[in-house]
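Asker: My structure file input.cif, mmCIF, C-alpha atoms, is below:
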data_target
loop_
_atom_site.label_atom_id
_atom_site.label_comp_id
_atom_site.auth_asym_id
_atom_site.auth_seq_id
_atom_site.Cartn_x
_atom_site.Cartn_y
_atom_site.Cartn_z
CA MET I 167 99.90 123.97 71.91
CA SER I 168 102.26 121.39 73.33
CA SER I 169 105.80 120.84 72.26
CA GLN I 170 105.97 117.50 74.00
CA SER I 171 106.51 114.55 71.70
CA VAL I 172 104.30 111.50 71.84
CA ARG I 173 105.60 108.07 70.97
CA VAL I 174 103.80 104.76 70.84
CA ILE I 175 105.04 101.48 72.20
CA GLU I 176 103.56 98.11 71.34
CA SER I 177 103.10 96.10 74.51
CA THR I 178 102.27 92.42 74.30
CA ALA I 179 100.57 92.70 77.70
CA TYR I 180 98.71 96.00 77.35
CA GLY I 181 98.47 96.68 73.64
CA LYS I 182 99.33 100.06 72.14
CA ILE I 183 100.50 102.59 74.70
CA GLU I 184 100.76 106.25 73.80
CA VAL I 185 103.67 107.63 75.72
CA ASN I 186 103.80 111.28 76.61
CA ASP I 187 107.23 112.50 77.68
CA SER I 188 105.79 113.71 80.97
CA HIS I 189 104.97 110.12 81.94
CA ILE I 190 108.46 108.76 81.32
CA PHE I 191 110.51 107.93 84.38
CA HIS I 192 114.26 107.52 84.28
CA PHE I 193 115.97 104.90 86.45
CA PRO I 194 119.69 105.82 86.44
CA LYS I 195 120.63 102.39 87.83
CA GLY I 196 117.73 100.43 86.36
CA ILE I 197 115.64 98.02 88.43
CA PHE I 198 117.37 95.05 90.08
CA GLY I 199 117.54 92.20 87.58
CA PHE I 200 116.96 94.64 84.70
CA ASP I 201 120.00 96.83 85.14
CA GLY I 202 120.16 97.79 81.46
CA LEU I 203 116.63 99.21 81.23
CA HIS I 204 116.55 102.84 82.31
CA ASP I 205 113.37 104.34 80.91
CA TYR I 206 109.83 103.36 81.84
CA VAL I 207 106.38 104.79 81.25
CA MET I 208 103.94 104.75 84.15
CA MET I 209 100.19 104.63 83.65
CA GLN I 210 97.21 104.20 85.92
CA VAL I 211 95.15 101.05 85.41
CA GLY I 212 91.54 102.14 84.99
CA ASP I 213 90.64 104.48 87.83
CA GLY I 214 91.95 102.15 90.52
CA PRO I 215 95.03 102.32 92.69
CA PHE I 216 97.21 100.09 90.52
CA HIS I 217 99.73 101.46 88.04
CA VAL I 218 101.70 99.77 85.30
CA LEU I 219 105.36 100.60 84.92
CA HIS I 220 106.33 99.52 81.41
CA ALA I 221 109.83 99.53 79.96
CA LEU I 222 110.10 101.67 76.83
CA ASP I 223 112.46 99.34 75.04
CA GLU I 224 111.48 95.82 76.11
CA GLN I 225 108.42 93.74 76.97
CA ILE I 226 108.98 94.11 80.69
CA SER I 227 106.36 95.63 82.95
CA PHE I 228 105.63 95.85 86.64
CA ILE I 229 102.38 96.41 88.50
CA LEU I 230 102.78 99.05 91.21
CA LEU I 231 100.67 100.05 94.16
CA PRO I 232 101.12 103.21 96.24
CA ALA I 233 103.03 102.14 99.33
CA SER I 234 100.48 103.80 101.60
CA LEU I 235 97.88 101.24 100.47
CA ALA I 236 100.20 98.27 100.77
CA ALA I 237 100.76 98.07 104.51
CA ASP I 238 99.98 99.94 107.70
CA ASP I 239 102.85 101.77 109.35
CA TYR I 240 105.14 101.33 106.36
CA GLY I 241 108.02 103.70 106.70
CA PHE I 242 111.71 103.73 106.12
CA HIS I 243 114.74 105.90 105.84
CA ILE I 244 115.80 106.74 102.28
CA GLY I 245 119.56 106.40 102.06
CA GLN I 246 121.80 109.26 101.06
CA SER I 247 122.83 107.40 97.89
CA VAL I 248 119.22 107.48 96.65
CA ILE I 249 118.74 111.11 97.68
CA ASP I 250 121.86 112.05 95.70
CA MET I 251 121.03 109.91 92.67
CA LEU I 252 117.46 111.17 92.37
CA GLU I 253 118.42 114.73 93.38
CA ILE I 254 115.70 114.82 96.01
CA ALA I 255 115.33 118.27 97.52
CA ARG I 256 112.19 117.94 99.62
CA PRO I 257 110.44 114.92 101.18
CA GLU I 258 107.12 116.02 99.66
CA ASP I 259 108.55 115.58 96.15
CA VAL I 260 108.88 111.84 96.71
CA LEU I 261 106.34 109.15 95.83
CA THR I 262 106.78 105.56 96.94
CA TYR I 263 105.31 102.50 95.27
CA VAL I 264 105.64 98.80 95.92
CA ILE I 265 105.89 96.13 93.24
CA VAL I 266 102.99 93.70 93.04
CA ASN I 267 103.67 90.03 92.44
CA VAL I 268 101.00 87.39 91.94
CA ILE I 269 101.93 83.85 92.88
CA ASP I 270 99.38 81.04 92.85
CA ASN I 271 96.48 83.52 92.75
CA GLN I 272 97.66 85.35 95.84
CA ILE I 273 98.71 88.98 95.58
CA TYR I 274 101.95 89.91 97.28
CA VAL I 275 103.74 93.22 97.52
CA ASN I 276 107.47 93.64 97.85
CA LEU I 277 108.02 95.76 100.96
CA LYS I 278 111.74 95.00 100.93
CA ALA I 279 112.54 96.93 97.76
CA PRO I 280 110.10 99.77 96.97
CA ILE I 281 110.23 102.10 93.97
CA ILE I 282 111.12 105.67 94.92
CA ILE I 283 110.19 108.48 92.53
CA ASN I 284 111.22 112.11 92.54
CA THR I 285 108.14 113.72 90.97
CA ILE I 286 110.03 116.92 90.12
CA ASN I 287 112.54 115.45 87.68
CA ARG I 288 110.91 112.01 87.19
CA LYS I 289 114.03 110.18 88.27
CA ALA I 290 113.39 106.91 90.05
CA ALA I 291 115.12 104.01 91.74
CA GLN I 292 114.43 100.73 93.45
CA HIS I 293 115.68 101.04 96.99
CA ILE I 294 116.55 98.04 99.14
CA ILE I 295 115.55 98.39 102.78
CA ASP I 296 118.01 96.42 104.87
CA ASP I 297 115.49 95.68 107.61
CA ALA I 298 114.35 92.16 108.39
CA SER I 299 110.86 93.32 109.36
CA TYR I 300 109.97 94.15 105.74
CA PRO I 301 109.38 90.99 103.69
CA LEU I 302 109.94 90.40 100.01
CA ARG I 303 106.43 88.91 99.86
CA HIS I 304 103.81 90.60 101.99
CA PRO I 305 100.28 89.23 101.34
CA LEU I 306 98.14 92.11 100.13
CA SER I 307 94.74 92.91 101.54
CA ILE I 308 93.38 96.40 101.01
CA ARG I 309 89.99 97.76 101.88
CA GLU I 310 87.76 97.89 98.85
CA GLY I 311 85.92 101.09 98.12
CA SER I 312 88.32 103.17 100.15
CA MET U 1281 139.27 90.04 90.25
CA LEU U 1282 141.90 90.96 92.79
CA ILE U 1283 142.65 88.34 95.44
CA LEU U 1284 144.40 89.36 98.66
CA LYS U 1285 145.42 87.42 101.74
CA ARG U 1286 144.64 89.13 105.04
CA LYS U 1287 145.16 88.03 108.62
CA LEU U 1288 142.95 88.61 111.65
CA GLY U 1289 143.00 92.30 112.54
CA GLU U 1290 144.27 93.41 109.14
CA SER U 1291 142.36 95.63 106.70
CA ILE U 1292 142.10 96.69 103.12
CA VAL U 1293 141.33 100.19 101.90
CA ILE U 1294 139.26 100.80 98.76
CA ASP U 1295 139.47 104.13 97.01
CA ASP U 1296 140.79 106.02 100.07
CA HIS U 1297 137.47 106.09 101.92
CA ILE U 1298 136.19 102.51 102.30
CA GLU U 1299 137.89 100.26 104.81
CA VAL U 1300 137.24 96.54 105.26
CA HIS U 1301 138.61 95.09 108.46
CA VAL U 1302 138.87 91.39 109.39
CA VAL U 1303 137.31 91.36 112.85
CA SER U 1304 137.21 87.65 113.60
CA ILE U 1305 137.55 84.24 111.99
CA GLU U 1306 135.64 81.28 113.40
CA GLY U 1307 135.71 78.11 111.33
CA GLU U 1308 134.13 78.99 107.98
CA THR U 1309 132.78 82.34 109.18
CA VAL U 1310 134.66 85.57 108.70
CA LYS U 1311 133.36 88.65 110.46
CA LEU U 1312 134.09 91.86 108.55
CA GLY U 1313 133.92 95.42 109.79
CA ILE U 1314 133.25 97.91 107.00
CA SER U 1315 133.70 101.66 107.30
CA ALA U 1316 132.31 103.64 104.39
CA PRO U 1317 130.74 107.04 103.74
CA GLN U 1318 127.00 107.25 104.29
CA HIS U 1319 126.15 107.33 100.59
CA ILE U 1320 127.64 103.86 100.03
CA GLN U 1321 125.03 101.12 100.49
CA ILE U 1322 126.43 97.81 101.71
CA LEU U 1323 124.25 94.73 101.28
CA ARG U 1324 124.56 90.97 101.54
CA LYS U 1325 124.71 89.60 98.02
CA GLU U 1326 122.00 86.99 98.62
CA LEU U 1327 119.58 89.79 99.56
CA VAL U 1328 120.25 91.62 96.30
CA GLU U 1329 119.94 88.34 94.40
CA SER U 1330 116.57 87.54 96.00
CA ILE U 1331 115.25 90.94 94.90
CA ARG U 1332 116.50 90.39 91.35
CA GLN U 1333 114.73 87.05 91.29
CA GLU U 1334 111.48 88.50 92.66
CA ASN U 1335 111.60 91.29 90.07
CA ARG U 1336 112.09 88.81 87.24
CA THR U 1337 108.85 87.09 88.26
CA ALA U 1338 106.97 90.34 88.81
CA GLY U 1339 108.29 91.95 85.62
CA SER U 1340 106.85 89.37 83.26
CA GLN U 1341 103.26 89.27 84.50
CA MET U 1342 100.30 90.30 82.41
CA LEU U 1343 97.39 90.88 84.72
CA ASN U 1344 94.62 93.33 84.04
CA GLN U 1345 92.79 95.38 86.62
CA ALA U 1346 89.76 93.07 86.63
CA ALA U 1347 91.87 90.03 87.44
CA LEU U 1348 93.64 91.95 90.21
CA LEU U 1349 90.38 93.13 91.76
CA GLN U 1350 89.00 89.61 91.64
CA LEU U 1351 92.09 88.39 93.49
CA LEU U 1352 91.83 91.23 96.00
CA HIS U 1353 88.22 90.37 96.69
CA GLN U 1354 89.20 86.79 97.45
CA ALA U 1355 92.04 88.02 99.66
CA ASN U 1356 89.64 90.24 101.62
CA LYS U 1357 87.19 87.42 102.16
CA SER U 1358 89.82 85.06 103.46
CA THR U 1359 91.31 87.66 105.81
CA SER U 1360 87.91 88.63 107.25
CA LYS U 1361 87.21 84.97 108.00
CA GLU U 1362 90.38 84.81 110.04
CA GLY U 1363 89.46 87.98 111.91
#
Could you write out this file's structure as structure tokens?
Answerer:
Amino acid sequence: MSSQSVRVIESTAYGKIEVNDSHIFHFPKGIFGFDGLHDYVMMQVGDGPFHVLHALDEQISFILLPASLAADDYGFHIGQSVIDMLEIARPEDVLTYVIVNVIDNQIYVNLKAPIIINTINRKAAQHIIDDASYPLRHPLSIREGS
Amino acid sequence: MLILKRKLGESIVIDDHIEVHVVSIEGETVKLGISAPQHIQILRKELVESIRQENRTAGSQMLNQAALLQLLHQANKSTSKEG
């Protein structure tokens, strides 16, 4: 028996989505450009690496890819402000995703501002990396079948 | 908005622990030195604005997995040609 509540959101992009509380992620500061939206549901697309992050209260959704698949040697220092806001206790509690953007049929990932998730309390944030070597639009090419 | 005049070498203090110092002035360029605790993130506004703009594009897309994989396949082919 589960005491978790299930709600349903109607997405124009993805149809009906059943939302289990355990898949809801809270962004205390929102996502840049959508500062007022704090709660998102995350779901895997098929059995592939992509995930959809869909706002609970508006027709806004992002496609995410685990950062480890997005680029080789992608690493950065998570600032103390993010550690405090997400109440991160251990590095292994953290998952990092990048936002996918498709422009003119080319897939790009945003390495400049990844999504950081604390898997323990499901708090999340978009973190800006102030490092010129990480571009806003990095052309994506991942090995298929891996 | 608060507007203050400061001269070269002068500073302002925000909330006891953030200090903004006018380091140099050359023509239209002002160099600022900022001292703040580690948990305060300081960014150029145009960087933040570019991320907002990129998110607005990315946040209104409706691609399914099949379309993404098709695009990835094309991306792989074009990169292997280059290599």
Asker: If you apply the PyMOL selection byres ((chain U and resi 1331-1341) around 9) to this file, what residues do you get, as a list of chain:residue names?
Answerer: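 In the shown coordinates, the PyMOL selection byres ((chain U and resi 1331-1341) around 9) covers I:Ala179, I:Ile197, I:Phe198, I:Gly199, I:Phe200, I:His220, I:Gln225, I:Ile226, I:Ser227, I:Phe228, I:Ile229, I:Ile265, I:Val266, I:Asn267, I:Val268, I:Ile269, I:Asn276, I:Lys278, I:Ala279, I:Ile294, I:Leu302, I:Arg303, U:Glu1326, U:Leu1327, U:Val1328, U:Glu1329, U:Ser1330, U:Met1342, U:Leu1343.
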Asker: Expressed in Å to a single decimal, how great is the separation between CA of Glu1299 (chain U) and CA of Gln246 (chain I)?
Answerer: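 Atom-to-atom, CA of Glu1299 (chain U) to CA of Gln246 (chain I), that is 18.8 Å.
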Asker: Carefully work through the PyMOL selection byres ((chain U and resi 1289) around 12) for this structure and note down the residues it includes, as a VMD selection string.
Answerer: chain U and resid 1286 to 1288 1290 to 1292 1300 to 1305 1310 to 1313
Asker: Step by step, gather every atom of region 1283-1296 of chain U that the file lists, find the box along x, y and z that holds them, add 8 Å on each side, and finally give centre and edge lengths in Å to one decimal, as lines of an AutoDock Vina configuration file.
Answerer:
center_x = 142.3
center_y = 96.7
center_z = 104.0
size_x = 22.2
size_y = 34.6
size_z = 33.1
Asker: Would you work out the distance separating CA of Asp297 (chain I) from CA of Ser1315 (chain U), expressed in Å to one decimal?
Answerer: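 Atom-to-atom, CA of Asp297 (chain I) to CA of Ser1315 (chain U), that is 19.2 Å.
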Asker: State, in Å with one decimal place, the distance from CA of Ile1283 (chain U) to CA of Asp1295 (chain U).
Answerer: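 Separation between CA of Ile1283 (chain U) and CA of Asp1295 (chain U): 16.2 Å.
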Asker: Write out as a ChimeraX atom specification each polymer residue whose atoms come within 9 Å of Pro232 (chain I), counting only C-alpha atoms; drop sequence neighbours fewer than 3 positions from it.
Answerer: /I:215-217,235-236,261-264
Asker: Which residues, named as in the file, does the PyMOL selection byres ((chain I and resi 190) around 7) pick out? Answer as a list in words.
Answerer: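 This file gives the following for the PyMOL selection byres ((chain I and resi 190) around 7): Asp187, Ser188, His189, Phe191, His192, Asp205, Tyr206, Val207 and Met208 of chain I.
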Asker: Using only C-alpha atoms, which of I:Ile283, I:Ile175, I:Ile244, I:Leu252 sits nearest Ala221 (chain I)?
Answerer: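 Nearest to Ala221 (chain I): I:Ile175.
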Asker: Excluding Ile1298 (chain U) and residues on its chain fewer than 2 positions from it, collect all residues at most 6 Å away from it, counting all atoms listed in the file, and give them as a ChimeraX atom specification.
Answerer: /U:1293-1294,1315-1316
Asker: Looking at only C-alpha atoms, which of I:Ile273, I:Ala237, I:Ala291, I:Leu222 is the one that sits closest to chain U?
Answerer: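 Closest candidate: I:Ile273.
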Asker: Model the absent atoms of region 1293-1329 of chain U so that N, CA and C atoms are present, and write the result as a compact mmCIF listing (two decimals), keeping the file's coordinate frame.
Answerer:
# COMPACT_ATOMS: atom_id res chain seq x y z
N VAL U 1293 141.94 98.89 102.14
CA VAL U 1293 141.33 100.19 101.90
C VAL U 1293 140.96 100.27 100.42
N ILE U 1294 139.73 100.67 100.14
CA ILE U 1294 139.26 100.80 98.76
C ILE U 1294 139.01 102.27 98.47
N ASP U 1295 139.72 102.77 97.48
CA ASP U 1295 139.47 104.13 97.01
C ASP U 1295 139.55 105.18 98.13
N ASP U 1296 140.51 105.04 99.00
CA ASP U 1296 140.79 106.02 100.07
C ASP U 1296 139.75 106.09 101.19
N HIS U 1297 138.48 105.77 100.92
CA HIS U 1297 137.47 106.09 101.92
C HIS U 1297 136.63 104.89 102.36
N ILE U 1298 136.91 103.70 101.84
CA ILE U 1298 136.19 102.51 102.30
C ILE U 1298 137.22 101.56 102.91
N GLU U 1299 136.95 101.15 104.15
CA GLU U 1299 137.89 100.26 104.81
C GLU U 1299 137.19 98.98 105.24
N VAL U 1300 137.79 97.84 104.88
CA VAL U 1300 137.24 96.54 105.26
C VAL U 1300 138.24 95.87 106.19
N HIS U 1301 137.76 95.53 107.38
CA HIS U 1301 138.61 95.09 108.46
C HIS U 1301 138.22 93.65 108.83
N VAL U 1302 139.19 92.76 108.97
CA VAL U 1302 138.87 91.39 109.39
C VAL U 1302 138.78 91.37 110.91
N VAL U 1303 137.55 91.25 111.42
CA VAL U 1303 137.31 91.36 112.85
C VAL U 1303 137.53 90.03 113.57
N SER U 1304 137.00 88.96 112.98
CA SER U 1304 137.21 87.65 113.60
C SER U 1304 137.06 86.55 112.56
N ILE U 1305 137.66 85.42 112.86
CA ILE U 1305 137.55 84.24 111.99
C ILE U 1305 137.21 83.06 112.88
N GLU U 1306 136.03 82.46 112.62
CA GLU U 1306 135.64 81.28 113.40
C GLU U 1306 135.20 80.21 112.44
N GLY U 1307 136.04 79.18 112.27
CA GLY U 1307 135.71 78.11 111.33
C GLY U 1307 135.56 78.69 109.94
N GLU U 1308 134.35 78.51 109.35
CA GLU U 1308 134.13 78.99 107.98
C GLU U 1308 133.55 80.40 107.96
N THR U 1309 133.41 81.02 109.12
CA THR U 1309 132.78 82.34 109.18
C THR U 1309 133.81 83.44 109.42
N VAL U 1310 133.79 84.40 108.54
CA VAL U 1310 134.66 85.57 108.70
C VAL U 1310 133.78 86.76 109.05
N LYS U 1311 134.12 87.44 110.11
CA LYS U 1311 133.36 88.65 110.46
C LYS U 1311 134.13 89.86 109.94
N LEU U 1312 133.45 90.69 109.15
CA LEU U 1312 134.09 91.86 108.55
C LEU U 1312 133.52 93.13 109.15
N GLY U 1313 134.37 94.09 109.40
CA GLY U 1313 133.92 95.42 109.79
C GLY U 1313 134.15 96.35 108.61
N ILE U 1314 133.12 97.06 108.19
CA ILE U 1314 133.25 97.91 107.00
C ILE U 1314 132.97 99.36 107.38
N SER U 1315 133.92 100.22 107.10
CA SER U 1315 133.70 101.66 107.30
C SER U 1315 133.61 102.31 105.93
N ALA U 1316 132.50 103.00 105.70
CA ALA U 1316 132.31 103.64 104.39
C ALA U 1316 131.47 104.89 104.58
N PRO U 1317 131.59 105.84 103.66
CA PRO U 1317 130.74 107.04 103.74
C PRO U 1317 129.26 106.66 103.68
N GLN U 1318 128.43 107.55 104.17
CA GLN U 1318 127.00 107.25 104.29
C GLN U 1318 126.34 106.95 102.95
N HIS U 1319 126.85 107.52 101.87
CA HIS U 1319 126.15 107.33 100.59
C HIS U 1319 126.45 105.97 99.94
N ILE U 1320 127.35 105.20 100.56
CA ILE U 1320 127.64 103.86 100.03
C ILE U 1320 126.72 102.85 100.70
N GLN U 1321 125.91 102.14 99.91
CA GLN U 1321 125.03 101.12 100.49
C GLN U 1321 125.74 99.76 100.46
N ILE U 1322 125.76 99.10 101.60
CA ILE U 1322 126.43 97.81 101.71
C ILE U 1322 125.38 96.75 102.01
N LEU U 1323 125.30 95.74 101.14
CA LEU U 1323 124.25 94.73 101.28
C LEU U 1323 124.84 93.34 101.12
N ARG U 1324 124.21 92.37 101.78
CA ARG U 1324 124.56 90.97 101.54
C ARG U 1324 124.14 90.61 100.11
N LYS U 1325 125.01 89.89 99.42
CA LYS U 1325 124.71 89.60 98.02
C LYS U 1325 123.44 88.78 97.86
N GLU U 1326 123.19 87.84 98.78
CA GLU U 1326 122.00 86.99 98.62
C GLU U 1326 120.71 87.80 98.74
N LEU U 1327 120.75 88.92 99.48
CA LEU U 1327 119.58 89.79 99.56
C LEU U 1327 119.31 90.45 98.21
N VAL U 1328 120.38 90.98 97.61
CA VAL U 1328 120.25 91.62 96.30
C VAL U 1328 119.76 90.59 95.27
N GLU U 1329 120.31 89.37 95.36
CA GLU U 1329 119.94 88.34 94.40
C GLU U 1329 118.47 87.94 94.55
